[in-house]
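Undergrad: Here you go, final11.tsv (TSV, C-alpha atoms):
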chain	number	residue	atom	x	y	z
A	30	MET	CA	0.00	0.00	0.00
A	31	LEU	CA	1.33	3.36	-0.97
A	32	ALA	CA	0.72	6.20	1.43
A	33	VAL	CA	0.74	9.59	-0.19
A	34	THR	CA	1.28	12.56	2.03
A	35	SER	CA	1.17	16.15	1.00
A	36	PRO	CA	3.08	18.93	2.71
A	37	PRO	CA	1.05	20.87	5.25
A	38	PRO	CA	-0.44	24.06	3.84
A	39	ASP	CA	0.88	27.44	4.89
A	40	ASP	CA	-2.22	28.16	6.96
A	41	LEU	CA	-1.60	25.18	9.18
A	42	LEU	CA	2.10	25.92	9.59
A	43	VAL	CA	1.37	29.57	10.33
A	44	ALA	CA	-1.18	28.58	12.98
A	45	ARG	CA	1.37	26.28	14.60
A	46	ALA	CA	4.14	28.87	14.34
A	47	ARG	CA	1.92	31.47	15.99
A	48	GLN	CA	1.77	29.15	18.97
A	49	GLY	CA	5.54	29.11	19.15
A	50	ASP	CA	6.25	26.02	17.05
A	51	ARG	CA	9.71	26.74	15.66
A	52	ALA	CA	9.78	23.61	13.54
A	53	ALA	CA	6.65	24.81	11.75
A	54	PHE	CA	8.23	28.21	11.21
A	55	GLY	CA	11.35	26.45	9.92
A	56	GLN	CA	9.22	24.69	7.33
A	57	LEU	CA	7.80	28.05	6.27
A	58	VAL	CA	11.31	29.46	5.95
A	59	ASP	CA	12.33	26.41	3.90
A	60	ARG	CA	9.36	26.93	1.66
A	61	HIS	CA	9.52	30.69	1.15
A	62	GLY	CA	13.02	31.79	2.09
A	63	GLY	CA	14.58	31.03	-1.26
A	64	ARG	CA	11.93	32.84	-3.23
A	65	LEU	CA	12.20	35.81	-0.92
A	66	PHE	CA	15.96	35.84	-1.34
A	67	GLY	CA	15.56	35.73	-5.12
A	68	ALA	CA	13.45	38.87	-5.03
A	69	VAL	CA	15.64	40.79	-2.61
A	70	VAL	CA	18.88	39.96	-4.38
A	71	ARG	CA	17.48	41.32	-7.62
A	72	ILE	CA	16.17	44.45	-5.92
A	73	LEU	CA	19.40	45.18	-4.05
A	74	GLY	CA	21.86	43.67	-6.49
A	75	ASP	CA	24.09	42.31	-3.75
A	76	ALA	CA	23.84	38.71	-2.55
A	77	ALA	CA	25.48	39.19	0.84
A	78	VAL	CA	23.31	42.16	1.72
A	79	ALA	CA	20.24	40.38	0.41
A	80	GLU	CA	20.92	37.40	2.65
A	81	GLU	CA	21.19	39.67	5.67
A	82	VAL	CA	17.98	41.46	4.71
A	83	VAL	CA	16.08	38.21	4.21
A	84	GLN	CA	17.23	36.89	7.57
A	85	ASP	CA	16.16	40.14	9.23
A	86	ALA	CA	12.80	39.98	7.45
A	87	LEU	CA	12.15	36.41	8.53
A	88	VAL	CA	13.09	37.11	12.14
A	89	ALA	CA	10.80	40.16	12.03
A	90	ALA	CA	8.04	37.97	10.60
A	91	TRP	CA	8.43	35.50	13.47
A	92	ARG	CA	8.07	38.33	15.97
A	93	ALA	CA	5.12	39.82	14.11
A	94	LEU	CA	3.26	36.53	13.63
A	95	PRO	CA	0.75	37.37	16.38
A	96	LYS	CA	-0.26	40.40	14.28
A	97	PHE	CA	-0.64	38.41	11.06
A	98	ARG	CA	-4.37	38.33	10.49
A	99	GLY	CA	-4.37	36.27	7.35
A	100	ASP	CA	-5.88	39.05	5.23
A	101	ALA	CA	-3.14	38.47	2.68
A	102	ARG	CA	-1.39	35.26	1.71
A	103	PHE	CA	1.49	34.45	4.02
A	104	ASP	CA	4.08	34.73	1.28
A	105	THR	CA	2.65	38.09	0.18
A	106	TRP	CA	2.96	39.29	3.77
A	107	LEU	CA	6.56	38.05	3.84
A	108	HIS	CA	7.29	39.95	0.64
A	109	ARG	CA	5.91	43.11	2.22
A	110	ILE	CA	8.23	42.76	5.20
A	111	ALA	CA	11.22	41.87	3.02
A	112	VAL	CA	10.68	44.75	0.59
A	113	ASN	CA	10.45	47.17	3.51
A	114	LYS	CA	13.63	45.73	5.01
A	115	ALA	CA	15.36	46.08	1.66
A	116	ARG	CA	14.28	49.72	1.48
A	117	ASN	CA	15.54	50.34	4.98
A	118	LYS	CA	18.86	48.80	4.13
A	119	ARG	CA	19.18	50.83	0.95
A	120	LEU	CA	18.37	54.07	2.74
A	121	TYR	CA	20.66	53.24	5.64
A	122	ARG	CA	23.56	52.43	3.34
A	123	ARG	CA	22.92	55.52	1.31
A	124	ARG	CA	22.88	57.74	4.38
A	125	ARG	CA	26.05	56.14	5.66
A	126	ALA	CA	27.65	56.61	2.28
A	127	LEU	CA	26.62	60.25	2.21
A	128	HIS	CA	28.16	60.80	5.63
A	129	ARG	CA	31.38	59.35	4.39
A	130	HIS	CA	31.19	61.75	1.44
A	131	ASP	CA	32.05	58.79	-0.65
A	132	PRO	CA	33.07	60.01	-4.08
A	133	LEU	CA	32.03	56.75	-5.71
A	134	HIS	CA	28.42	57.30	-4.76
A	135	THR	CA	27.46	60.24	-6.91
A	136	ASP	CA	24.97	58.79	-9.31
A	137	ALA	CA	21.86	60.83	-9.92
A	138	ASP	CA	19.76	57.79	-9.17
A	139	ASP	CA	20.93	57.42	-5.64
A	140	ASP	CA	18.81	54.44	-4.78
A	141	ARG	CA	21.33	51.77	-5.45
A	142	PRO	CA	23.51	50.42	-2.68
A	143	PRO	CA	26.75	52.33	-2.26
A	144	LEU	CA	29.98	50.91	-3.56
A	145	GLN	CA	28.10	48.30	-5.50
A	146	LEU	CA	30.91	47.44	-7.80
A	147	VAL	CA	30.59	43.69	-8.02
A	148	HIS	CA	28.11	41.43	-9.62
A	149	PRO	CA	25.70	39.77	-7.17
A	150	GLY	CA	26.92	36.50	-5.74
A	151	PRO	CA	27.53	33.40	-7.77
A	152	LEU	CA	24.49	32.14	-9.53
A	153	PRO	CA	23.99	28.45	-9.05
A	154	ASP	CA	22.88	27.49	-12.51
A	155	ARG	CA	25.99	26.83	-14.53
A	156	ALA	CA	24.30	27.02	-17.89
A	157	VAL	CA	26.15	29.67	-19.78
A	158	ASP	CA	23.12	31.23	-21.40
A	159	ARG	CA	21.33	31.50	-18.10
A	160	ALA	CA	24.33	33.06	-16.43
A	161	GLU	CA	24.64	35.48	-19.30
A	162	ALA	CA	20.94	36.28	-19.12
A	163	SER	CA	21.32	36.84	-15.40
A	164	ARG	CA	24.23	39.20	-15.93
A	165	ARG	CA	22.37	41.19	-18.55
A	166	LEU	CA	19.30	41.31	-16.39
A	167	GLN	CA	21.13	42.58	-13.32
A	168	ALA	CA	22.96	45.17	-15.37
A	169	GLY	CA	19.60	46.35	-16.69
A	170	LEU	CA	17.99	46.34	-13.26
A	171	ASP	CA	20.90	48.23	-11.75
A	172	ALA	CA	20.22	51.04	-14.20
A	173	LEU	CA	16.65	51.49	-12.91
A	174	THR	CA	15.22	53.29	-9.95
A	175	ALA	CA	14.44	51.23	-6.86
A	176	GLU	CA	10.71	51.67	-7.45
A	177	HIS	CA	11.00	50.24	-10.92
A	178	ARG	CA	13.16	47.32	-9.79
A	179	GLU	CA	10.67	46.43	-7.08
A	180	VAL	CA	7.62	46.36	-9.29
A	181	LEU	CA	9.39	44.43	-12.05
A	182	VAL	CA	10.76	41.82	-9.70
A	183	LEU	CA	7.42	41.33	-7.97
A	184	ARG	CA	5.51	41.02	-11.23
A	185	ASP	CA	7.83	39.31	-13.66
A	186	LEU	CA	10.10	37.30	-11.39
A	187	GLN	CA	7.85	36.55	-8.41
A	188	ASP	CA	4.71	36.38	-10.53
A	189	LEU	CA	2.57	38.28	-8.04
A	190	ASP	CA	-0.66	39.68	-9.43
A	191	TYR	CA	-1.50	43.39	-9.42
A	192	ASP	CA	-3.47	43.23	-6.18
A	193	GLU	CA	-0.69	41.40	-4.38
A	194	ILE	CA	1.89	43.88	-5.63
A	195	ALA	CA	-0.33	46.74	-4.48
A	196	ASP	CA	-0.48	45.11	-1.06
A	197	VAL	CA	3.28	44.54	-0.86
A	198	LEU	CA	4.19	48.04	-2.02
A	199	GLY	CA	1.34	49.82	-0.26
A	200	ILE	CA	0.17	51.56	-3.39
A	201	ALA	CA	-3.03	51.57	-5.40
A	202	ARG	CA	-3.64	48.94	-8.06
A	203	GLY	CA	-3.71	51.62	-10.74
A	204	THR	CA	-0.34	52.87	-9.56
A	205	VAL	CA	1.05	49.36	-9.88
A	206	LYS	CA	-0.04	49.26	-13.50
A	207	SER	CA	1.35	52.64	-14.43
A	208	ARG	CA	4.58	52.00	-12.55
A	209	LEU	CA	4.95	48.59	-14.20
A	210	HIS	CA	4.45	50.19	-17.59
A	211	ARG	CA	7.22	52.71	-16.95
A	212	ALA	CA	9.45	50.07	-15.39
A	213	ARG	CA	9.14	47.68	-18.30
A	214	ALA	CA	9.85	50.45	-20.75
A	215	ALA	CA	12.85	51.56	-18.69
A	216	LEU	CA	14.26	48.03	-18.44
A	217	ALA	CA	13.80	47.47	-22.14
A	218	GLU	CA	15.59	50.74	-22.83
A	219	ALA	CA	18.39	49.95	-20.39
A	220	ILE	CA	19.00	46.52	-21.86
A	221	THR	CA	18.93	47.88	-25.39
A	222	ALA	CA	21.43	50.56	-24.39
A	223	LEU	CA	23.68	47.95	-22.79
A	224	GLU	CA	23.53	45.80	-25.90
A	225	THR	CA	24.39	48.63	-28.24
A	226	SER	CA	27.28	49.78	-26.06
A	227	ARG	CA	28.95	46.36	-26.13
B	27	MET	CA	-3.48	54.34	-29.83
B	28	ILE	CA	-3.98	51.33	-27.60
B	29	ALA	CA	-4.46	51.28	-23.85
B	30	ASP	CA	-1.57	50.38	-21.57
B	31	ASP	CA	-3.63	47.54	-20.10
B	32	MET	CA	-4.03	45.98	-23.52
B	33	LEU	CA	-0.36	46.41	-24.30
B	34	HIS	CA	0.63	44.71	-21.04
B	35	ALA	CA	-1.79	41.89	-21.62
B	36	TRP	CA	0.01	41.39	-24.94
B	37	VAL	CA	3.41	41.56	-23.20
B	38	ASP	CA	2.21	39.08	-20.56
B	39	GLY	CA	0.68	36.79	-23.18
B	40	THR	CA	-2.72	37.00	-21.51
B	41	ILE	CA	-4.45	39.06	-24.18
B	42	ASP	CA	-7.69	37.74	-25.61
B	43	PRO	CA	-7.92	37.04	-29.36
B	44	GLU	CA	-10.01	40.08	-30.21
B	45	ASP	CA	-7.70	42.48	-28.40
B	46	ARG	CA	-4.72	40.74	-29.96
B	47	ARG	CA	-5.99	41.69	-33.40
B	48	THR	CA	-6.41	45.29	-32.24
B	49	VAL	CA	-2.86	45.35	-30.90
B	50	GLU	CA	-1.38	43.77	-33.99
B	51	ASP	CA	-3.21	46.26	-36.19
B	52	ALA	CA	-1.73	49.04	-34.07
B	53	PHE	CA	1.71	47.50	-34.45
B	54	ALA	CA	1.31	47.39	-38.21
B	55	ALA	CA	0.42	51.06	-38.26
B	56	ASP	CA	3.11	52.11	-35.81
B	57	PRO	CA	6.46	50.31	-36.12
B	58	GLU	CA	7.87	52.30	-33.22
B	59	LEU	CA	5.12	51.06	-30.93
B	60	ARG	CA	5.78	47.54	-32.17
B	61	ALA	CA	9.50	47.87	-31.41
B	62	ARG	CA	8.81	49.22	-27.92
B	63	ALA	CA	6.34	46.46	-27.15
B	64	HIS	CA	8.74	43.77	-28.34
B	65	ALA	CA	11.53	45.26	-26.27
B	66	MET	CA	9.28	45.17	-23.20
B	67	ARG	CA	8.36	41.57	-23.90
B	68	ASP	CA	12.02	40.66	-24.34
B	69	ALA	CA	12.83	42.30	-21.00
B	70	ARG	CA	9.99	40.41	-19.34
B	71	ASP	CA	11.14	37.16	-20.92
B	72	LEU	CA	14.63	37.81	-19.63
B	73	LEU	CA	13.32	38.08	-16.07
B	74	ARG	CA	11.32	34.89	-16.47
B	75	ARG	CA	14.18	33.02	-18.15
B	76	VAL	CA	16.61	33.81	-15.38
B	77	GLY	CA	14.16	32.36	-12.91
B	78	PRO	CA	14.59	31.99	-9.19
B	79	THR	CA	17.86	32.41	-7.37
B	80	PRO	CA	18.32	29.56	-4.88
B	81	ALA	CA	18.41	30.41	-1.22
B	82	PRO	CA	21.83	30.71	0.36
B	83	PRO	CA	22.81	27.49	2.11
B	84	GLY	CA	21.88	27.37	5.76
B	85	LEU	CA	19.30	30.13	5.55
B	86	THR	CA	16.72	28.27	7.62
B	87	ASP	CA	19.22	27.34	10.34
B	88	ALA	CA	20.53	30.91	10.42
B	89	VAL	CA	17.02	32.30	10.84
B	90	LEU	CA	16.02	29.77	13.48
B	91	SER	CA	19.17	30.51	15.45
B	92	ARG	CA	18.23	34.19	15.55
B	93	LEU	CA	14.65	33.80	16.78
B	94	ASP	CA	15.73	34.26	20.39
B	95	GLU	CA	17.80	37.31	19.68
B	96	ALA	CA	17.00	39.98	22.17
B	97	PRO	CA	15.34	43.00	20.66
B	98	ASP	CA	17.68	45.86	20.12
B	99	VAL	CA	18.90	47.50	23.29
B	100	PRO	CA	17.24	50.85	23.89
B	101	TRP	CA	19.64	53.64	23.17
B	102	TRP	CA	19.59	55.00	26.70
B	103	GLN	CA	21.00	51.69	27.95
B	104	THR	CA	23.94	51.66	25.57
B	105	PRO	CA	27.42	52.48	26.91
B	106	TRP	CA	27.45	55.63	24.81
B	107	ALA	CA	24.18	56.83	26.28
B	108	ARG	CA	25.29	56.13	29.84
B	109	ARG	CA	28.38	58.22	29.31
B	110	ALA	CA	26.34	61.00	27.86
B	111	GLU	CA	23.53	60.75	30.37
B	112	GLY	CA	24.20	64.08	31.99
B	113	ALA	CA	24.38	65.83	28.70
B	114	LEU	CA	21.30	64.02	27.49
B	115	LEU	CA	19.27	65.38	30.32
B	116	ALA	CA	20.54	68.86	29.68
B	117	VAL	CA	19.89	69.11	26.01
B	118	ALA	CA	17.16	68.21	23.66
B	119	ALA	CA	17.41	65.12	21.58
B	120	GLY	CA	16.75	65.37	17.92
B	121	LEU	CA	14.96	62.41	16.64
B	122	VAL	CA	14.52	61.42	13.08
B	123	LEU	CA	12.16	58.63	12.30
B	124	TRP	CA	12.57	56.93	9.02
B	125	LEU	CA	9.50	55.05	8.04
B	126	ALA	CA	10.26	51.97	6.05
B	127	VAL	CA	7.43	52.16	3.78
B	128	PRO	CA	6.26	52.61	0.21
B	129	THR	CA	4.70	55.52	-1.59
B	130	ALA	CA	1.22	56.66	-0.69
B	131	PRO	CA	-1.29	56.61	-3.54
B	132	PRO	CA	-0.93	59.73	-5.64
B	133	GLU	CA	-4.56	60.60	-5.20
B	134	ALA	CA	-4.13	60.80	-1.42
B	135	PRO	CA	-3.63	64.25	0.08
B	136	PRO	CA	0.06	64.98	0.74
B	137	LEU	CA	1.33	64.52	4.28
B	138	ARG	CA	4.53	66.43	3.83
B	139	ASP	CA	3.43	69.81	5.03
B	140	THR	CA	1.96	68.57	8.25
B	141	THR	CA	3.40	70.41	11.22
B	142	ILE	CA	2.66	70.01	14.88
B	143	PRO	CA	4.12	72.83	16.94
B	144	ALA	CA	6.03	71.98	20.09
B	145	SER	CA	4.32	72.92	23.29
B	146	GLU	CA	7.31	72.26	25.49
B	147	GLY	CA	11.00	71.68	25.25
B	148	PRO	CA	13.48	73.69	23.26
B	149	PRO	CA	13.68	73.16	19.54
B	150	VAL	CA	16.63	71.13	18.45
B	151	ARG	CA	19.38	72.88	16.59
B	152	ILE	CA	21.06	70.53	14.24
B	153	GLY	CA	24.79	70.89	14.38
B	154	PRO	CA	27.17	70.63	11.45
B	155	GLY	CA	27.29	67.11	10.08
B	156	ALA	CA	24.37	65.96	12.20
B	157	LEU	CA	22.50	62.99	10.89
B	158	THR	CA	19.31	64.88	10.35
B	159	ARG	CA	20.93	67.01	7.68
B	160	VAL	CA	20.96	64.05	5.35
B	161	PRO	CA	18.24	64.40	2.74
B	162	THR	CA	15.77	61.56	2.91
B	163	ARG	CA	13.56	60.11	0.30
B	164	ALA	CA	12.02	57.34	2.34
B	165	THR	CA	8.39	56.87	1.53
B	166	PHE	CA	5.42	55.54	3.39
B	167	SER	CA	3.99	52.07	3.05
B	168	ALA	CA	1.15	53.01	5.31
B	169	ARG	CA	-0.20	56.51	5.56
B	170	GLU	CA	-1.97	55.52	8.72
B	171	GLY	CA	1.44	54.54	10.11
B	172	ALA	CA	2.83	58.02	9.47
B	173	GLN	CA	-0.27	59.56	10.95
B	174	ALA	CA	0.09	57.34	14.02
B	175	VAL	CA	3.58	58.70	14.58
B	176	LEU	CA	2.30	62.25	14.24
B	177	ASP	CA	-0.43	61.42	16.73
B	178	VAL	CA	2.19	60.23	19.21
B	179	ALA	CA	4.06	63.49	18.73
B	180	ALA	CA	0.90	65.47	19.35
B	181	THR	CA	0.21	63.51	22.54
B	182	LEU	CA	3.70	64.31	23.79
B	183	GLY	CA	3.56	67.93	22.73
B	184	ALA	CA	6.60	67.34	20.56
B	185	ALA	CA	7.39	69.15	17.37
B	186	ALA	CA	6.91	66.96	14.33
B	187	ARG	CA	7.04	67.43	10.65
B	188	VAL	CA	6.80	65.19	7.65
B	189	ASP	CA	9.47	65.94	5.15
B	190	ASP	CA	9.76	64.08	1.91
B	191	GLY	CA	8.89	60.71	3.30
B	192	ALA	CA	10.41	60.88	6.76
B	193	VAL	CA	8.79	61.95	9.97
B	194	HIS	CA	11.04	64.15	12.07
B	195	LEU	CA	10.27	64.46	15.74
B	196	GLU	CA	11.92	66.76	18.21
B	197	ILE	CA	11.52	65.42	21.68
B	198	PRO	CA	13.11	66.66	24.90
B	199	ALA	CA	15.50	63.99	26.15
B	200	ALA	CA	13.64	63.62	29.43
B	201	ARG	CA	10.52	62.60	27.55
B	202	TRP	CA	12.19	60.14	25.24
B	203	PRO	CA	11.47	57.02	27.35
B	204	GLU	CA	7.76	57.79	27.23
B	205	ALA	CA	7.94	58.54	23.52
B	206	ALA	CA	9.85	55.32	22.86
B	207	ALA	CA	7.26	53.29	24.73
B	208	ARG	CA	4.49	54.81	22.64
B	209	LEU	CA	6.37	54.29	19.39
B	210	ARG	CA	7.14	50.69	20.28
B	211	ALA	CA	3.43	50.10	20.55
B	212	LEU	CA	3.25	50.93	16.83
B	213	GLY	CA	6.10	48.78	15.59
B	214	THR	CA	9.73	47.85	15.94
B	215	LEU	CA	12.03	50.65	16.98
B	216	THR	CA	15.72	50.37	16.18
B	217	GLU	CA	18.47	52.83	16.93
B	218	GLU	CA	20.44	53.58	13.81
B	219	GLY	CA	22.98	55.98	15.12
B	220	SER	CA	23.60	58.97	17.26
B	221	GLN	CA	25.78	62.00	17.11
B	222	ALA	CA	26.62	64.74	19.55
B	223	SER	CA	27.74	68.13	18.39
B	224	ASN	CA	27.63	71.65	19.74
B	225	GLY	CA	25.97	70.49	22.90
B	226	GLN	CA	23.19	68.81	21.00
B	227	VAL	CA	22.51	65.12	20.65
B	228	ASP	CA	20.77	63.76	17.62
B	229	ILE	CA	19.39	60.29	17.75
B	230	GLU	CA	18.43	58.59	14.55
B	231	VAL	CA	16.02	55.74	14.92
B	232	ARG	CA	13.99	53.71	12.53
B	233	LEU	CA	10.43	52.69	13.12
B	234	GLU	CA	9.01	49.79	11.18
B	235	ILE	CA	5.30	49.48	11.23
B	236	PRO	CA	4.18	46.02	10.16
The structure given in the file should be rewritten as structure tokens.

TA:
Amino acid sequence: MLAVTSPPPDDLLVARARQGDRAAFGQLVDRHGGRLFGAVVRILGDAAVAEEVVQDALVAAWRALPKFRGDARFDTWLHRIAVNKARNKRLYRRRRALHRHDPLHTDADDDRPPLQLVHPGPLPDRAVDRAEASRRLQAGLDALTAEHREVLVLRDLQDLDYDEIADVLGIARGTVKSRLHRARAALAEAITALETSR
Amino acid sequence: MIADDMLHAWVDGTIDPEDRRTVEDAFAADPELRARAHAMRDARDLLRRVGPTPAPPGLTDAVLSRLDEAPDVPWWQTPWARRAEGALLAVAAGLVLWLAVPTAPPEAPPLRDTTIPASEGPPVRIGPGALTRVPTRATFSAREGAQAVLDVAATLGAAARVDDGAVHLEIPAARWPEAAARLRALGTLTEEGSQASNGQVDIEVRLEIP
């Protein structure tokens, strides 16, 4: 006889985690941590910083679980916390960089992390075309404003729908659409510019 | 001219057949539009093709090991604050709250000119190089969160202003413990830094409202 078991749904794990069940929360981190990291690393463009931000976000989520009312999906709620943490980190690094009067940090679009001179951490897929696509993508994303990076990553990488993105970013659905339109156009333009400059 | 919604449905591949014909007719009449739309679809495809980035190894263990971390130590219990205690009681503390939050809907009335006059305590003079001189462009993820901070300021009789996405509070040092307790009721309060200059102490904290 073959017993088929399915993984417990988020709702059940969240309910257990709210009662202090760390193993249940660990399962939630296993399930969503990677996806969250994927979003944050693309938004910030720095794997080490993204890992720190995702850890902070997940610890904050654990502490805030009693306030999670289940109005949004758990992973949407996690995205909201992680995006806010990423913004905090970006602003904090920018302020620190400004205090250092760092001459490398003079770009007009001051949203990117300071001293971001390296490509984000090693990408695990060794396929050359995927690595190349990843490099081109990050170069394009790095040329955008933070707002544009966020909405693109949430829509086209994380596959959130407009309502979920509105919830994560705290903006109206119509704003999501207009921002996505501008962001897609900006990314297309950035990638085209990168291609023609090669 | 086609609507942005229709164009994005085409980019996303979710357009219905009738609208697809409309879009393709528009493309035929406007090669520039066609080129822009294809570039947007290529950019979207690039994001999808790259796919997810795997989690760093040990993420779950790292997170679980941090669940018992004590919340951040209040600034007045730090060694720096103890050393400066006398001065802290003598001068006003400048407090800048950065709210970690996204842009309010454009149709909402702007918060940025809101001002609550101080009813007690001297205004804070910001010395050269003080943290509060840094321009901020933080934005709000929750207007009600920003308003809640302003309400706390009003309760305390502290000066407060919203300036380009950050709420700045000026609170006499002696009242900071009460203010901190009220702010903690709203979210997680973290000290980001502090700086003393010209007899003034500026405390920069961050308030995250879930």

Undergrad: Compile a residue-level contact table for chain A against chain B at a cut-off of 6 Å, reporting for every qualifying residue the shortest atom pair and its distance in Å to one decimal, with only C-alpha atoms counted, rows ordered by chain and ascending number, as JSON lines.

TA:
{"residue": "A:Val58", "atom": "CA", "partner": "B:Thr86", "partner_atom": "CA", "distance": 5.8}
{"residue": "A:Gly63", "atom": "CA", "partner": "B:Ala81", "partner_atom": "CA", "distance": 3.9}
{"residue": "A:Phe66", "atom": "CA", "partner": "B:Ala81", "partner_atom": "CA", "distance": 6.0}
{"residue": "A:Gly67", "atom": "CA", "partner": "B:Thr79", "partner_atom": "CA", "distance": 4.6}
{"residue": "A:Gln84", "atom": "CA", "partner": "B:Val89", "partner_atom": "CA", "distance": 5.6}
{"residue": "A:Val88", "atom": "CA", "partner": "B:Leu93", "partner_atom": "CA", "distance": 5.9}
{"residue": "A:Asn113", "atom": "CA", "partner": "B:Ala126", "partner_atom": "CA", "distance": 5.4}
{"residue": "A:Asn117", "atom": "CA", "partner": "B:Ala126", "partner_atom": "CA", "distance": 5.6}
{"residue": "A:Arg159", "atom": "CA", "partner": "B:Val76", "partner_atom": "CA", "distance": 5.9}
{"residue": "A:Ser163", "atom": "CA", "partner": "B:Val76", "partner_atom": "CA", "distance": 5.6}
{"residue": "A:Leu186", "atom": "CA", "partner": "B:Leu73", "partner_atom": "CA", "distance": 5.7}
{"residue": "A:Leu198", "atom": "CA", "partner": "B:Pro128", "partner_atom": "CA", "distance": 5.5}
{"residue": "A:Gly199", "atom": "CA", "partner": "B:Ser167", "partner_atom": "CA", "distance": 4.8}
{"residue": "A:Ile200", "atom": "CA", "partner": "B:Pro131", "partner_atom": "CA", "distance": 5.3}
{"residue": "A:Ala201", "atom": "CA", "partner": "B:Pro131", "partner_atom": "CA", "distance": 5.6}
{"residue": "A:Arg213", "atom": "CA", "partner": "B:Met66", "partner_atom": "CA", "distance": 5.5}
{"residue": "A:Ala214", "atom": "CA", "partner": "B:Met66", "partner_atom": "CA", "distance": 5.8}
{"residue": "A:Ala217", "atom": "CA", "partner": "B:Met66", "partner_atom": "CA", "distance": 5.2}

Undergrad: Extract, using all atoms listed in the file, all DNA, RNA and protein residues at most 12 Å from Asp100 of chain A, discarding same-chain residues fewer than 3 positions from it, and format them as a list of chain:residue names.

TA: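 Those residues are A:Asp40, A:Lys96, A:Phe97, A:Phe103, A:Asp104, A:Thr105, A:Trp106, A:Glu193, A:Asp196.
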
Undergrad: With all atoms listed in the file as the atoms that count, which of A:Ile194, A:Ala215, A:Leu170, A:Ala222 lies nearest to Gly74 of chain A?

TA: A:Leu170

Undergrad: So which residues touch Ala79 of chain A within 7 Å, counting all atoms listed in the file, skipping near sequence neighbours fewer than 4 positions away, as a list in words?

TA: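 Skipping anything fewer than 4 positions along the chain leaves Phe66, Val69, Val70, Leu73, Asp75 and Val83 of chain A.
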
Undergrad: Just to confirm, what's the straight-line distance from atom CA of Gly203 of chain A to atom CA of His61 of chain A in Å (one decimal)?

TA: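 Between atom CA of Gly203 of chain A and atom CA of His61 of chain A the gap works out to 27.5 Å.
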
Undergrad: Quick one: distance from atom CA of Arg208 of chain B to atom CA of Leu94 of chain A in Å, one decimal?

TA: 20.4 Å

Undergrad: What separation in Å, quoted to one decimal, exists between atom CA of Asp171 of chain A and atom CA of Thr225 of chain A?

TA: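 Interatomic distance here is 16.9 Å.
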
Undergrad: Do you know which residues are at most 12 Å from Pro36 of chain A counting all atoms listed in the file, after dropping those on the same chain fewer than 6 positions away, and could you put them as a list in words?

TA: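 Listing them by chain and then by number gives Leu42, Ala53, Gln56, Leu57, Asp59 and Arg60 of chain A.
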
Undergrad: Could you write out that same residue set with C-alpha atoms as a PDB file, in the coordinates of the input?

TA:
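Printed below is again_17.pdb as written:
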ATOM      1  CA  LEU A  42       2.100  25.920   9.590  1.00  0.00           C
ATOM      2  CA  ALA A  53       6.650  24.810  11.750  1.00  0.00           C
ATOM      3  CA  GLN A  56       9.220  24.690   7.330  1.00  0.00           C
ATOM      4  CA  LEU A  57       7.800  28.050   6.270  1.00  0.00           C
ATOM      5  CA  ASP A  59      12.330  26.410   3.900  1.00  0.00           C
ATOM      6  CA  ARG A  60       9.360  26.930   1.660  1.00  0.00           C
TER       7      ARG A  60
END

Undergrad: For Val182 of chain A, which of A:Val112, A:Ala168, A:Ala89, A:Ala160 is the closest residue, counting all atoms listed in the file?

TA: A:Val112

Undergrad: Quick one: residues within 10 Å of Met27 of chain B, only C-alpha atoms counted, chain neighbours fewer than 4 positions away excluded, as a ChimeraX atom specification?

TA: /B:48-49,52-53,55-56,59

Undergrad: Please provide as a VMD selection string all residues within 8 Å of Val82 of chain A, with the sequence filter that same-chain residues fewer than 2 positions apart are discarded (counting all atoms listed in the file).

TA: chain A and resid 69 78 to 80 84 to 86 111 114 to 115 118
